[in-house]
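Some notes on the structure that comes next.
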Amino acid sequence: MLFVLSKTLGVALLPINFLVELGILSLVLMTTRFARAGRRLAVTVLVLLALVAFSPLGKLLLYPLEQRFPQRDASRGAPDGIIVLGGSVDTDLSSAHQTPIVAHAADRMLAPAALARRYPNARIVFTGGNANLISTEAKEADYSAPILEDLGIAKERLIVERNSRNTYENAIFTKQLVAPKPGERWLLVTSAFHMPRSMGIFRKAGFDVEAYPVDFRMGGREDLFTFTNMGTDGIMQTDIAMREWIGLVAYRLMGRTGELLPGPAKD
């Protein structure tokens, strides 16, 4: 039920979807005795759409997520394992064309290959099944593993978890699969904006991992108040950020994270 809600209500609340829904409502109201309210709502939707598309709103929402965990200090030593969260490969397109298609966050695939070369003794785990509400037999892990192998990771080093549908299941299923021992050090590779939620979930699941953020969507503080001349860029940034903030709130309310905005562990 929680998975269904995340794929229905959660998607409906994303800024661009929510604005489209309000736009449709305004048109409906214009055909009734509430036409004046409909016109006001339509103007409000247009103003909000302009803010989402061109203002720094998306950057302001993304910044605290991406900057929450610093890039890992290599001097901390070699890890025992590296966990790679899915989210790069489009399972439906890959299945349709019978070849892996990386549609998003390519850094999630490239970074593990570099880490595998740097730490030749570390185990590599890819975790990702099918996150679609109406699932098919296509599994992201089945298409991602060959990419990682082509990038130089030996097949015998690669452990594949192919049943998880979301980050919570990534953590639970991966822990069951690798059975981490006390004292082992594991890196968690995922997009920087997704790292706070991911770290909180893994911690709550009892799997102590170290953050290795990749796939940054903005620069530093100097980008916070810059406007964009491409509306699609602003819409995408705002949608990505809002999806994470909604997820953080929902997972905290469900008790799947220990805090609203997980941060670096206090040594």
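Each chain in the structure tokens gets a letter, A, B and so on, in the order shown; residues start at 1 in every chain, and ligands are counted from 1 in the order they appear.
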Write out as a tab-separated table the residues of stretch 231-262 of chain A that have any atom within 12 Å of an atom of stretch 37-59 of chain A, one row each with the nearest atom pair and its distance in Å to one decimal, counting only C-alpha atoms, sorted by chain and then rising number.
```
residue	atom	partner	partner_atom	distance
A:Gly231	CA	A:Ala53	CA	4.2
A:Thr232	CA	A:Ala53	CA	6.3
A:Asp233	CA	A:Ala53	CA	7.0
A:Gly234	CA	A:Ala53	CA	4.3
A:Ile235	CA	A:Ala53	CA	4.8
A:Met236	CA	A:Gly58	CA	7.9
A:Gln237	CA	A:Gly58	CA	4.8
A:Thr238	CA	A:Gly58	CA	3.9
A:Asp239	CA	A:Gly58	CA	7.6
A:Ile240	CA	A:Gly58	CA	8.2
A:Ala241	CA	A:Gly58	CA	6.6
A:Met242	CA	A:Gly58	CA	8.4
A:Arg243	CA	A:Gly58	CA	11.3
A:Glu244	CA	A:Gly58	CA	11.8
A:Trp245	CA	A:Gly58	CA	11.7
```
File dump, residues just selected, C-alpha atoms, as a CSV table (one decimal), in the first residue's frame:
```csv
chain,number,residue,atom,x,y,z
A,231,GLY,CA,12.1,26.6,-18.3
A,232,THR,CA,12.5,22.8,-18.5
A,233,ASP,CA,15.7,23.0,-16.4
A,234,GLY,CA,14.0,24.8,-13.6
A,235,ILE,CA,11.0,22.5,-13.7
A,236,MET,CA,13.3,19.5,-13.6
A,237,GLN,CA,15.3,20.8,-10.6
A,238,THR,CA,12.2,21.7,-8.7
A,239,ASP,CA,10.5,18.3,-9.3
A,240,ILE,CA,13.7,16.4,-8.3
A,241,ALA,CA,14.1,18.4,-5.1
A,242,MET,CA,10.4,18.2,-4.2
A,243,ARG,CA,10.3,14.5,-4.8
A,244,GLU,CA,13.2,14.2,-2.2
A,245,TRP,CA,11.6,16.5,0.3
```
Within stretch 158-234 of chain A, find each residue whose DSSP state, derived from the backbone, is strand (DSSP E or B), and express the selection as a PDB file with N, CA, C and O atoms, in the first residue's frame.
```
ATOM      1  N   LEU A 158      30.983  -8.738  -8.771  1.00  0.00           N
ATOM      2  CA  LEU A 158      29.715  -8.030  -8.769  1.00  0.00           C
ATOM      3  C   LEU A 158      28.606  -8.856  -8.125  1.00  0.00           C
ATOM      4  O   LEU A 158      28.326  -9.981  -8.543  1.00  0.00           O
ATOM      5  N   ILE A 159      27.999  -8.294  -7.100  1.00  0.00           N
ATOM      6  CA  ILE A 159      26.846  -8.904  -6.431  1.00  0.00           C
ATOM      7  C   ILE A 159      25.607  -8.117  -6.858  1.00  0.00           C
ATOM      8  O   ILE A 159      25.592  -6.885  -6.786  1.00  0.00           O
ATOM      9  N   VAL A 160      24.573  -8.824  -7.283  1.00  0.00           N
ATOM     10  CA  VAL A 160      23.391  -8.165  -7.843  1.00  0.00           C
ATOM     11  C   VAL A 160      22.157  -8.439  -6.991  1.00  0.00           C
ATOM     12  O   VAL A 160      21.848  -9.587  -6.680  1.00  0.00           O
ATOM     13  N   GLU A 161      21.465  -7.367  -6.617  1.00  0.00           N
ATOM     14  CA  GLU A 161      20.180  -7.460  -5.919  1.00  0.00           C
ATOM     15  C   GLU A 161      19.133  -6.904  -6.879  1.00  0.00           C
ATOM     16  O   GLU A 161      19.173  -5.731  -7.236  1.00  0.00           O
ATOM     17  N   TRP A 186      31.492   0.157   4.297  1.00  0.00           N
ATOM     18  CA  TRP A 186      30.810   0.108   3.005  1.00  0.00           C
ATOM     19  C   TRP A 186      30.536   1.525   2.520  1.00  0.00           C
ATOM     20  O   TRP A 186      30.085   2.375   3.289  1.00  0.00           O
ATOM     21  N   LEU A 187      30.782   1.751   1.234  1.00  0.00           N
ATOM     22  CA  LEU A 187      30.437   3.026   0.609  1.00  0.00           C
ATOM     23  C   LEU A 187      29.052   2.918  -0.025  1.00  0.00           C
ATOM     24  O   LEU A 187      28.690   1.863  -0.565  1.00  0.00           O
ATOM     25  N   LEU A 188      28.311   4.004   0.022  1.00  0.00           N
ATOM     26  CA  LEU A 188      27.005   4.065  -0.632  1.00  0.00           C
ATOM     27  C   LEU A 188      27.069   5.100  -1.745  1.00  0.00           C
ATOM     28  O   LEU A 188      27.296   6.290  -1.487  1.00  0.00           O
ATOM     29  N   VAL A 189      26.888   4.652  -2.985  1.00  0.00           N
ATOM     30  CA  VAL A 189      26.961   5.521  -4.153  1.00  0.00           C
ATOM     31  C   VAL A 189      25.552   5.838  -4.644  1.00  0.00           C
ATOM     32  O   VAL A 189      24.801   4.924  -5.025  1.00  0.00           O
ATOM     33  N   THR A 190      25.188   7.101  -4.619  1.00  0.00           N
ATOM     34  CA  THR A 190      23.920   7.538  -5.193  1.00  0.00           C
ATOM     35  C   THR A 190      24.008   9.033  -5.476  1.00  0.00           C
ATOM     36  O   THR A 190      25.000   9.682  -5.143  1.00  0.00           O
ATOM     37  N   SER A 191      22.973   9.583  -6.083  1.00  0.00           N
ATOM     38  CA  SER A 191      22.960  11.011  -6.410  1.00  0.00           C
ATOM     39  C   SER A 191      23.037  11.847  -5.140  1.00  0.00           C
ATOM     40  O   SER A 191      22.450  11.492  -4.108  1.00  0.00           O
ATOM     41  N   GLU A 210      29.036   4.633   4.430  1.00  0.00           N
ATOM     42  CA  GLU A 210      29.649   5.947   4.248  1.00  0.00           C
ATOM     43  C   GLU A 210      29.167   6.550   2.929  1.00  0.00           C
ATOM     44  O   GLU A 210      29.109   5.857   1.915  1.00  0.00           O
ATOM     45  N   ALA A 211      28.854   7.819   2.955  1.00  0.00           N
ATOM     46  CA  ALA A 211      28.293   8.483   1.767  1.00  0.00           C
ATOM     47  C   ALA A 211      29.357   8.732   0.706  1.00  0.00           C
ATOM     48  O   ALA A 211      30.453   9.193   1.008  1.00  0.00           O
ATOM     49  N   TYR A 212      28.985   8.418  -0.538  1.00  0.00           N
ATOM     50  CA  TYR A 212      29.825   8.751  -1.688  1.00  0.00           C
ATOM     51  C   TYR A 212      28.908   9.405  -2.725  1.00  0.00           C
ATOM     52  O   TYR A 212      28.433   8.759  -3.660  1.00  0.00           O
ATOM     53  N   PRO A 213      28.609  10.705  -2.543  1.00  0.00           N
ATOM     54  CA  PRO A 213      27.650  11.386  -3.425  1.00  0.00           C
ATOM     55  C   PRO A 213      28.206  11.633  -4.826  1.00  0.00           C
ATOM     56  O   PRO A 213      29.373  11.975  -4.994  1.00  0.00           O
ATOM     57  N   VAL A 214      27.354  11.450  -5.828  1.00  0.00           N
ATOM     58  CA  VAL A 214      27.694  11.705  -7.226  1.00  0.00           C
ATOM     59  C   VAL A 214      26.490  12.398  -7.888  1.00  0.00           C
ATOM     60  O   VAL A 214      25.510  12.702  -7.229  1.00  0.00           O
TER      61      VAL A 214
END
```
Need the shell around A:Glu222: protein/DNA/RNA residues with any atom at most 12 Å away, counting only C-alpha atoms. Skip same-chain ones fewer than 3 positions apart. Format as a PDB file with N, CA and C atoms, in the first residue's frame?
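The resulting file, selection36.pdb, is reproduced below:
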```pdb
ATOM      1  N   PRO A  56      15.095  30.785  -9.065  1.00  0.00           N
ATOM      2  CA  PRO A  56      16.048  29.892  -8.392  1.00  0.00           C
ATOM      3  C   PRO A  56      15.389  28.907  -7.422  1.00  0.00           C
ATOM      4  N   LYS A  59      16.890  25.426  -7.263  1.00  0.00           N
ATOM      5  CA  LYS A  59      18.241  25.435  -6.691  1.00  0.00           C
ATOM      6  C   LYS A  59      18.187  25.592  -5.175  1.00  0.00           C
ATOM      7  N   LEU A  60      17.300  26.452  -4.688  1.00  0.00           N
ATOM      8  CA  LEU A  60      17.176  26.663  -3.251  1.00  0.00           C
ATOM      9  C   LEU A  60      16.716  25.388  -2.545  1.00  0.00           C
ATOM     10  N   TYR A  63      19.907  22.679  -2.949  1.00  0.00           N
ATOM     11  CA  TYR A  63      21.182  22.973  -2.302  1.00  0.00           C
ATOM     12  C   TYR A  63      21.360  22.276  -0.951  1.00  0.00           C
ATOM     13  N   MET A 218      23.827  20.945  -9.325  1.00  0.00           N
ATOM     14  CA  MET A 218      24.154  22.367  -9.268  1.00  0.00           C
ATOM     15  C   MET A 218      25.544  22.533  -8.687  1.00  0.00           C
ATOM     16  N   GLY A 219      26.088  23.759  -8.805  1.00  0.00           N
ATOM     17  CA  GLY A 219      27.422  24.018  -8.290  1.00  0.00           C
ATOM     18  C   GLY A 219      27.388  24.321  -6.810  1.00  0.00           C
ATOM     19  N   PHE A 225      21.099  31.899  -6.365  1.00  0.00           N
ATOM     20  CA  PHE A 225      20.154  32.946  -6.771  1.00  0.00           C
ATOM     21  C   PHE A 225      20.262  33.283  -8.253  1.00  0.00           C
ATOM     22  N   THR A 226      20.715  32.321  -9.039  1.00  0.00           N
ATOM     23  CA  THR A 226      20.774  32.527 -10.480  1.00  0.00           C
ATOM     24  C   THR A 226      19.485  32.042 -11.136  1.00  0.00           C
ATOM     25  N   PHE A 227      19.027  32.799 -12.128  1.00  0.00           N
ATOM     26  CA  PHE A 227      17.826  32.422 -12.871  1.00  0.00           C
ATOM     27  C   PHE A 227      18.236  31.596 -14.091  1.00  0.00           C
TER      28      PHE A 227
END
```
Nearest residue to A:Ala122 from the set A:Ile83, A:Met109, A:Leu253, A:Leu93 (distances using only C-alpha atoms):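 Looking only at the distances to A:Ala122, the closest residue turns out to be A:Ile83.
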For A:Ile201: contacts at 12 Å, only C-alpha atoms, fewer than 2 positions along chain excluded, given as number ranges by chain: A: 166-172, 175, 188, 194-199, 203-209, 247-248, 250-252, 254-263
Residues just named, written with N, CA and C atoms as a short mmCIF file (atom, residue, chain, number, x, y, z; two decimals), in the first residue's frame:
```
data_model
loop_
_atom_site.label_atom_id
_atom_site.label_comp_id
_atom_site.auth_asym_id
_atom_site.auth_seq_id
_atom_site.Cartn_x
_atom_site.Cartn_y
_atom_site.Cartn_z
N ASN A 166 12.29 0.33 -4.22
CA ASN A 166 12.55 1.68 -3.72
C ASN A 166 13.76 1.66 -2.80
N THR A 167 14.11 2.82 -2.26
CA THR A 167 15.33 2.93 -1.47
C THR A 167 15.24 2.12 -0.18
N TYR A 168 14.05 2.07 0.42
CA TYR A 168 13.88 1.27 1.63
C TYR A 168 14.19 -0.19 1.36
N GLU A 169 13.68 -0.73 0.26
CA GLU A 169 13.95 -2.12 -0.08
C GLU A 169 15.40 -2.31 -0.51
N ASN A 170 16.01 -1.28 -1.13
CA ASN A 170 17.45 -1.34 -1.42
C ASN A 170 18.23 -1.67 -0.16
N ALA A 171 17.92 -0.95 0.91
CA ALA A 171 18.65 -1.12 2.17
C ALA A 171 18.37 -2.48 2.80
N ILE A 172 17.11 -2.85 2.88
CA ILE A 172 16.73 -4.10 3.54
C ILE A 172 17.28 -5.31 2.78
N LYS A 175 21.22 -5.53 2.78
CA LYS A 175 21.75 -5.99 4.07
C LYS A 175 21.58 -7.51 4.19
N LEU A 188 28.31 4.00 0.02
CA LEU A 188 27.01 4.06 -0.63
C LEU A 188 27.07 5.10 -1.74
N HIS A 194 19.90 12.69 -3.40
CA HIS A 194 19.21 11.52 -2.84
C HIS A 194 19.94 10.96 -1.61
N MET A 195 21.13 11.47 -1.33
CA MET A 195 21.96 10.91 -0.27
C MET A 195 21.37 11.05 1.12
N PRO A 196 20.81 12.21 1.52
CA PRO A 196 20.26 12.29 2.88
C PRO A 196 19.21 11.22 3.17
N ARG A 197 18.27 11.04 2.26
CA ARG A 197 17.22 10.03 2.48
C ARG A 197 17.82 8.63 2.49
N SER A 198 18.75 8.38 1.57
CA SER A 198 19.36 7.05 1.48
C SER A 198 20.13 6.71 2.75
N MET A 199 20.93 7.65 3.23
CA MET A 199 21.72 7.41 4.45
C MET A 199 20.81 7.18 5.65
N ARG A 203 20.80 3.66 7.75
CA ARG A 203 21.08 3.70 9.17
C ARG A 203 19.96 3.06 9.97
N LYS A 204 18.72 3.40 9.61
CA LYS A 204 17.57 2.85 10.33
C LYS A 204 17.49 1.34 10.15
N ALA A 205 17.95 0.85 9.00
CA ALA A 205 17.94 -0.59 8.73
C ALA A 205 19.10 -1.30 9.43
N GLY A 206 19.96 -0.54 10.10
CA GLY A 206 21.08 -1.14 10.80
C GLY A 206 22.27 -1.46 9.95
N PHE A 207 22.37 -0.78 8.81
CA PHE A 207 23.49 -0.99 7.89
C PHE A 207 24.30 0.31 7.86
N ASP A 208 25.44 0.31 8.53
CA ASP A 208 26.27 1.51 8.63
C ASP A 208 27.08 1.68 7.35
N VAL A 209 26.82 2.75 6.61
CA VAL A 209 27.50 3.00 5.34
C VAL A 209 28.09 4.40 5.35
N GLY A 247 9.68 12.68 -0.01
CA GLY A 247 10.15 11.38 0.45
C GLY A 247 10.72 11.45 1.85
N LEU A 248 11.49 12.50 2.16
CA LEU A 248 12.07 12.65 3.49
C LEU A 248 10.97 12.76 4.56
N ALA A 250 7.78 11.76 4.28
CA ALA A 250 7.02 10.52 4.34
C ALA A 250 7.78 9.43 5.08
N TYR A 251 9.05 9.27 4.77
CA TYR A 251 9.84 8.21 5.42
C TYR A 251 10.04 8.50 6.89
N ARG A 252 10.14 9.78 7.26
CA ARG A 252 10.26 10.11 8.69
C ARG A 252 8.96 9.77 9.41
N MET A 254 6.83 7.53 8.63
CA MET A 254 6.69 6.07 8.67
C MET A 254 7.72 5.40 9.57
N GLY A 255 8.66 6.19 10.09
CA GLY A 255 9.68 5.63 10.95
C GLY A 255 10.79 4.92 10.23
N ARG A 256 10.94 5.19 8.94
CA ARG A 256 11.99 4.52 8.16
C ARG A 256 13.30 5.30 8.17
N THR A 257 13.28 6.50 8.73
CA THR A 257 14.50 7.25 8.98
C THR A 257 14.42 7.78 10.41
N GLY A 258 15.58 8.06 11.00
CA GLY A 258 15.61 8.51 12.38
C GLY A 258 15.49 10.01 12.55
N GLU A 259 15.61 10.76 11.45
CA GLU A 259 15.52 12.22 11.50
C GLU A 259 15.02 12.73 10.17
N LEU A 260 14.52 13.95 10.17
CA LEU A 260 13.93 14.49 8.95
C LEU A 260 14.97 14.69 7.85
N LEU A 261 16.12 15.26 8.20
CA LEU A 261 17.17 15.50 7.23
C LEU A 261 18.47 14.89 7.75
N PRO A 262 18.68 13.61 7.50
CA PRO A 262 19.90 12.96 7.99
C PRO A 262 21.16 13.66 7.49
N GLY A 263 22.15 13.71 8.36
CA GLY A 263 23.43 14.34 8.02
C GLY A 263 24.58 13.44 8.39
#
```
Length of the atom CA of A:Lys139 to atom CA of A:Arg162 vector [Å]: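 These two atoms are separated by 6.2 Å.
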Polymer residues at most 6 Å from A:Leu65, only C-alpha atoms, same-chain spacing of 3 or more positions, as a VMD selection string: chain A and resid 62 68 193
Residue set, stretch 34-156 of chain A restricted to helix (DSSP H, G or I), as number ranges by chain: A: 35-54, 57-66, 74-76, 91-97, 107-118, 140-150, 155-156
Atomic distance atom CA of A:Gly81 - atom CA of A:His104, expressed in Å with one decimal: 23.8 Å
I'd like the contact shell of A:Ala113 - 9 Å cut-off, only C-alpha atoms, skipping same-chain residues fewer than 6 positions apart - returned as a PDB file with C-alpha atoms, in the first residue's frame.
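Contents of around-v4.pdb, as written:
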```pdb
ATOM      1  CA  LEU A 148      29.374  -2.222 -14.962  1.00  0.00           C
ATOM      2  CA  GLU A 149      31.133  -5.242 -16.443  1.00  0.00           C
ATOM      3  CA  LEU A 151      33.305  -0.544 -17.544  1.00  0.00           C
ATOM      4  CA  GLY A 152      35.850  -2.982 -16.154  1.00  0.00           C
ATOM      5  CA  ILE A 153      34.280  -4.571 -13.079  1.00  0.00           C
TER       6      ILE A 153
END
```
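The gap separating atom CA of A:Thr174 from atom CA of A:Leu14 is 28.7 Å, in Å to one decimal.
You can rank A:Leu61, A:Ala154, A:Ala105, A:Val125 by their closest distance to A:Ile82 using only C-alpha atoms, and at the top of that list sits A:Val125.
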Counting only C-alpha atoms, the option among A:Leu115, A:Tyr143, A:Arg165, A:Asp92 closest to A:Ala131: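 Smallest distance to A:Ala131 is found for A:Arg165.
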